[in-house]
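Heads up, the thing below is written out as structure tokens.
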Amino acid sequence: MGKNLRIKSARAEKDMSQKDVAEAIGITRQTMNAIENGDYNPTIKLCRAICKELDRTLDELFWED
Amino acid sequence: MKSEQFDELQVRNRQRISYQTMFLMLVLILINGIVKECFISNWATPILEANLLIIIPALYFISMCIWKNAYFTNTGIKSNITMIIFLILGIIMVVLAIINENGFIYNNMLNFNPTGIFFVAISLQYWIKGLIDRIKNKNDE
């Protein structure tokens, strides 16, 4: 699993740091970092929370071709 | 999700570490049994023996949780006061164990209570990990 740059760019567009997103959805910054780096495959529940926070759809952030 | 104490990665890591800790405890109990059966019937007083068999796996569990970021809750509330108490308590216990007039080995049995080391080790790891996290947070921002 490679790095998820789409989350990073969505985050940058909203001018949010990893810590801001993590705090908003109730996870640690390290978990957010692991998701962005592709070290952790989150559950659908967490994916949805991230999408809602970043105003994106699941496809836009997590779908891999 | 905010109401949960640990996030899902933390829960996964804690489960993994718990399993390893259980395995470690089983191995230690087995080694203790073999040593008592084959070599030395009493290498420590029963209470010290029990103490060690509890402290070693507990120290492993807490240390791994700290380093795998699964010890602190996802709320970011860190127990600084608890850790200060742990450090002071640990230092006092270590000093008391060192100045014990009977020495580390008494009557051919271990005579050193490791509880102080346990508290000091947890406290120090907590501060070191906290410092590393703070540096990493700054770099990410």
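Here, A, B, ... name the chains of the structure tokens in the order displayed, residue numbers run from 1 inside each chain, and ligands are numbered from 1 in the same displayed order.
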Find the residues near segment 52-60 of chain B: any atom within 10 Å, counting only C-alpha atoms, skip ones fewer than 4 places away on the same chain, and give them as a PyMOL selection string. chain B and resi 17-18+20-26+28-29+32+44+46-48+64-66+113-115+117-119+121-122
Output as a ChimeraX atom specification the set of chain A residues within 12 Å of chain B, with distances taken over only C-alpha atoms. /A:8,12,15-20,22-35,39-50
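Our summary of the geometry notes that atom CA of Leu124 of chain B is positioned 15.3 Å from atom CA of Met93 of chain B.
When DSSP reads the backbone of this structure, the residues of segment 6-130 of chain B it assigns to strand (DSSP E) are B:Ile105, B:Tyr106, B:Met109, B:Leu110.
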Restricting the output to N, CA and C atoms, write the selected residues as a PDB file, in the first residue's frame.
ATOM      1  N   ILE B 105      22.098 -10.382  47.179  1.00  0.00           N
ATOM      2  CA  ILE B 105      21.887 -11.825  47.337  1.00  0.00           C
ATOM      3  C   ILE B 105      22.028 -12.182  48.818  1.00  0.00           C
ATOM      4  N   TYR B 106      21.006 -12.807  49.367  1.00  0.00           N
ATOM      5  CA  TYR B 106      20.984 -13.136  50.783  1.00  0.00           C
ATOM      6  C   TYR B 106      20.515 -14.581  50.932  1.00  0.00           C
ATOM      7  N   MET B 109      19.748 -16.461  47.866  1.00  0.00           N
ATOM      8  CA  MET B 109      18.522 -16.098  47.144  1.00  0.00           C
ATOM      9  C   MET B 109      18.576 -14.628  46.740  1.00  0.00           C
ATOM     10  N   LEU B 110      17.926 -14.329  45.617  1.00  0.00           N
ATOM     11  CA  LEU B 110      17.885 -12.941  45.160  1.00  0.00           C
ATOM     12  C   LEU B 110      17.159 -12.090  46.193  1.00  0.00           C
TER      13      LEU B 110
END
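One distance worth recording is that between atom CA of Gly38 of chain A and atom CA of Ser9 of chain A, which is 14.8 Å.
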Looking at only C-alpha atoms, which of B:Arg134, B:Lys129, B:Ser123, B:Phe104 is the one that sits closest to Trp43 of chain B? B:Phe104
Enter the distance from atom CA of Ile98 of chain B to atom CA of Phe112 of chain B, in Å, rounded to one decimal. 7.7 Å
Using DSSP on the backbone coordinates, identify all residues within segment 5-65 of chain A classified as alpha helix (DSSP H); present the result as a PDB file with N, CA and C atoms, in the first residue's frame.
ATOM      1  N   LEU A   5      -1.518  10.318  -1.154  1.00  0.00           N
ATOM      2  CA  LEU A   5      -1.259  11.747  -1.350  1.00  0.00           C
ATOM      3  C   LEU A   5      -2.547  12.549  -1.498  1.00  0.00           C
ATOM      4  N   ARG A   6      -3.646  11.814  -1.829  1.00  0.00           N
ATOM      5  CA  ARG A   6      -4.915  12.532  -2.012  1.00  0.00           C
ATOM      6  C   ARG A   6      -5.428  13.100  -0.683  1.00  0.00           C
ATOM      7  N   ILE A   7      -5.215  12.349   0.378  1.00  0.00           N
ATOM      8  CA  ILE A   7      -5.622  12.872   1.698  1.00  0.00           C
ATOM      9  C   ILE A   7      -4.785  14.100   2.025  1.00  0.00           C
ATOM     10  N   LYS A   8      -3.503  13.985   1.726  1.00  0.00           N
ATOM     11  CA  LYS A   8      -2.594  15.095   2.031  1.00  0.00           C
ATOM     12  C   LYS A   8      -2.999  16.366   1.274  1.00  0.00           C
ATOM     13  N   SER A   9      -3.329  16.198  -0.002  1.00  0.00           N
ATOM     14  CA  SER A   9      -3.701  17.391  -0.787  1.00  0.00           C
ATOM     15  C   SER A   9      -5.054  17.939  -0.334  1.00  0.00           C
ATOM     16  N   ALA A  10      -5.990  17.036   0.009  1.00  0.00           N
ATOM     17  CA  ALA A  10      -7.299  17.499   0.496  1.00  0.00           C
ATOM     18  C   ALA A  10      -7.136  18.258   1.805  1.00  0.00           C
ATOM     19  N   ARG A  11      -6.246  17.770   2.599  1.00  0.00           N
ATOM     20  CA  ARG A  11      -5.956  18.404   3.888  1.00  0.00           C
ATOM     21  C   ARG A  11      -5.321  19.789   3.659  1.00  0.00           C
ATOM     22  N   ALA A  12      -4.406  19.827   2.713  1.00  0.00           N
ATOM     23  CA  ALA A  12      -3.721  21.090   2.411  1.00  0.00           C
ATOM     24  C   ALA A  12      -4.705  22.126   1.870  1.00  0.00           C
ATOM     25  N   GLU A  13      -5.667  21.655   1.054  1.00  0.00           N
ATOM     26  CA  GLU A  13      -6.680  22.574   0.506  1.00  0.00           C
ATOM     27  C   GLU A  13      -7.514  23.210   1.605  1.00  0.00           C
ATOM     28  N   GLN A  18      -2.131  17.516  10.082  1.00  0.00           N
ATOM     29  CA  GLN A  18      -2.530  16.157  10.483  1.00  0.00           C
ATOM     30  C   GLN A  18      -3.176  16.182  11.853  1.00  0.00           C
ATOM     31  N   LYS A  19      -2.617  16.995  12.722  1.00  0.00           N
ATOM     32  CA  LYS A  19      -3.118  17.084  14.086  1.00  0.00           C
ATOM     33  C   LYS A  19      -4.552  17.629  14.101  1.00  0.00           C
ATOM     34  N   ASP A  20      -4.828  18.632  13.273  1.00  0.00           N
ATOM     35  CA  ASP A  20      -6.174  19.217  13.229  1.00  0.00           C
ATOM     36  C   ASP A  20      -7.211  18.177  12.805  1.00  0.00           C
ATOM     37  N   VAL A  21      -6.885  17.448  11.730  1.00  0.00           N
ATOM     38  CA  VAL A  21      -7.818  16.426  11.232  1.00  0.00           C
ATOM     39  C   VAL A  21      -8.003  15.338  12.284  1.00  0.00           C
ATOM     40  N   ALA A  22      -6.885  14.917  12.858  1.00  0.00           N
ATOM     41  CA  ALA A  22      -6.935  13.840  13.849  1.00  0.00           C
ATOM     42  C   ALA A  22      -7.804  14.235  15.041  1.00  0.00           C
ATOM     43  N   GLU A  23      -7.618  15.436  15.515  1.00  0.00           N
ATOM     44  CA  GLU A  23      -8.406  15.901  16.667  1.00  0.00           C
ATOM     45  C   GLU A  23      -9.887  16.016  16.313  1.00  0.00           C
ATOM     46  N   ALA A  24     -10.153  16.445  15.089  1.00  0.00           N
ATOM     47  CA  ALA A  24     -11.553  16.618  14.670  1.00  0.00           C
ATOM     48  C   ALA A  24     -12.300  15.290  14.606  1.00  0.00           C
ATOM     49  N   ILE A  25     -11.596  14.230  14.237  1.00  0.00           N
ATOM     50  CA  ILE A  25     -12.299  12.944  14.110  1.00  0.00           C
ATOM     51  C   ILE A  25     -12.003  12.000  15.271  1.00  0.00           C
ATOM     52  N   ARG A  29      -2.629  11.794  16.088  1.00  0.00           N
ATOM     53  CA  ARG A  29      -1.905  12.286  14.911  1.00  0.00           C
ATOM     54  C   ARG A  29      -1.106  11.157  14.269  1.00  0.00           C
ATOM     55  N   GLN A  30      -0.580  10.271  15.115  1.00  0.00           N
ATOM     56  CA  GLN A  30       0.220   9.159  14.599  1.00  0.00           C
ATOM     57  C   GLN A  30      -0.610   8.226  13.714  1.00  0.00           C
ATOM     58  N   THR A  31      -1.875   8.032  14.097  1.00  0.00           N
ATOM     59  CA  THR A  31      -2.758   7.181  13.281  1.00  0.00           C
ATOM     60  C   THR A  31      -3.026   7.848  11.939  1.00  0.00           C
ATOM     61  N   MET A  32      -3.267   9.150  11.986  1.00  0.00           N
ATOM     62  CA  MET A  32      -3.495   9.912  10.750  1.00  0.00           C
ATOM     63  C   MET A  32      -2.256   9.833   9.847  1.00  0.00           C
ATOM     64  N   ASN A  33      -1.110   9.951  10.472  1.00  0.00           N
ATOM     65  CA  ASN A  33       0.156   9.869   9.741  1.00  0.00           C
ATOM     66  C   ASN A  33       0.322   8.481   9.103  1.00  0.00           C
ATOM     67  N   ALA A  34      -0.029   7.439   9.865  1.00  0.00           N
ATOM     68  CA  ALA A  34       0.088   6.063   9.344  1.00  0.00           C
ATOM     69  C   ALA A  34      -0.845   5.848   8.154  1.00  0.00           C
ATOM     70  N   ILE A  35      -2.030   6.450   8.207  1.00  0.00           N
ATOM     71  CA  ILE A  35      -2.979   6.313   7.085  1.00  0.00           C
ATOM     72  C   ILE A  35      -2.421   7.019   5.838  1.00  0.00           C
ATOM     73  N   GLU A  36      -1.929   8.227   6.032  1.00  0.00           N
ATOM     74  CA  GLU A  36      -1.372   8.979   4.896  1.00  0.00           C
ATOM     75  C   GLU A  36      -0.151   8.291   4.290  1.00  0.00           C
ATOM     76  N   ILE A  44     -13.806   1.157   7.329  1.00  0.00           N
ATOM     77  CA  ILE A  44     -14.706   2.012   6.548  1.00  0.00           C
ATOM     78  C   ILE A  44     -15.263   3.146   7.413  1.00  0.00           C
ATOM     79  N   LYS A  45     -15.443   2.847   8.696  1.00  0.00           N
ATOM     80  CA  LYS A  45     -15.970   3.847   9.631  1.00  0.00           C
ATOM     81  C   LYS A  45     -15.016   5.059   9.723  1.00  0.00           C
ATOM     82  N   LEU A  46     -13.742   4.739   9.833  1.00  0.00           N
ATOM     83  CA  LEU A  46     -12.744   5.817   9.939  1.00  0.00           C
ATOM     84  C   LEU A  46     -12.582   6.539   8.595  1.00  0.00           C
ATOM     85  N   CYS A  47     -12.636   5.775   7.507  1.00  0.00           N
ATOM     86  CA  CYS A  47     -12.548   6.389   6.177  1.00  0.00           C
ATOM     87  C   CYS A  47     -13.663   7.420   5.998  1.00  0.00           C
ATOM     88  N   ARG A  48     -14.875   7.030   6.419  1.00  0.00           N
ATOM     89  CA  ARG A  48     -16.018   7.944   6.283  1.00  0.00           C
ATOM     90  C   ARG A  48     -15.816   9.202   7.125  1.00  0.00           C
ATOM     91  N   ALA A  49     -15.289   9.008   8.323  1.00  0.00           N
ATOM     92  CA  ALA A  49     -15.044  10.167   9.195  1.00  0.00           C
ATOM     93  C   ALA A  49     -14.040  11.129   8.554  1.00  0.00           C
ATOM     94  N   ILE A  50     -12.997  10.570   7.950  1.00  0.00           N
ATOM     95  CA  ILE A  50     -11.988  11.418   7.289  1.00  0.00           C
ATOM     96  C   ILE A  50     -12.619  12.152   6.098  1.00  0.00           C
ATOM     97  N   CYS A  51     -13.405  11.400   5.314  1.00  0.00           N
ATOM     98  CA  CYS A  51     -14.058  12.008   4.144  1.00  0.00           C
ATOM     99  C   CYS A  51     -14.963  13.161   4.561  1.00  0.00           C
ATOM    100  N   LYS A  52     -15.747  12.931   5.618  1.00  0.00           N
ATOM    101  CA  LYS A  52     -16.667  13.987   6.078  1.00  0.00           C
ATOM    102  C   LYS A  52     -15.877  15.220   6.512  1.00  0.00           C
ATOM    103  N   GLU A  53     -14.800  14.997   7.205  1.00  0.00           N
ATOM    104  CA  GLU A  53     -14.011  16.121   7.717  1.00  0.00           C
ATOM    105  C   GLU A  53     -13.363  16.901   6.574  1.00  0.00           C
ATOM    106  N   LEU A  54     -12.944  16.181   5.541  1.00  0.00           N
ATOM    107  CA  LEU A  54     -12.248  16.845   4.428  1.00  0.00           C
ATOM    108  C   LEU A  54     -13.180  17.188   3.260  1.00  0.00           C
ATOM    109  N   LEU A  58     -15.618   8.940  -0.561  1.00  0.00           N
ATOM    110  CA  LEU A  58     -14.720   7.799  -0.361  1.00  0.00           C
ATOM    111  C   LEU A  58     -13.890   7.527  -1.611  1.00  0.00           C
ATOM    112  N   ASP A  59     -14.535   7.597  -2.745  1.00  0.00           N
ATOM    113  CA  ASP A  59     -13.827   7.349  -4.012  1.00  0.00           C
ATOM    114  C   ASP A  59     -12.666   8.326  -4.209  1.00  0.00           C
ATOM    115  N   GLU A  60     -12.955   9.575  -3.923  1.00  0.00           N
ATOM    116  CA  GLU A  60     -11.928  10.611  -4.149  1.00  0.00           C
ATOM    117  C   GLU A  60     -10.694  10.395  -3.287  1.00  0.00           C
ATOM    118  N   LEU A  61     -10.896   9.913  -2.081  1.00  0.00           N
ATOM    119  CA  LEU A  61      -9.746   9.780  -1.167  1.00  0.00           C
ATOM    120  C   LEU A  61      -9.140   8.374  -1.109  1.00  0.00           C
ATOM    121  N   PHE A  62      -9.995   7.349  -1.291  1.00  0.00           N
ATOM    122  CA  PHE A  62      -9.478   6.007  -1.008  1.00  0.00           C
ATOM    123  C   PHE A  62      -9.516   5.020  -2.176  1.00  0.00           C
TER     124      PHE A  62
END
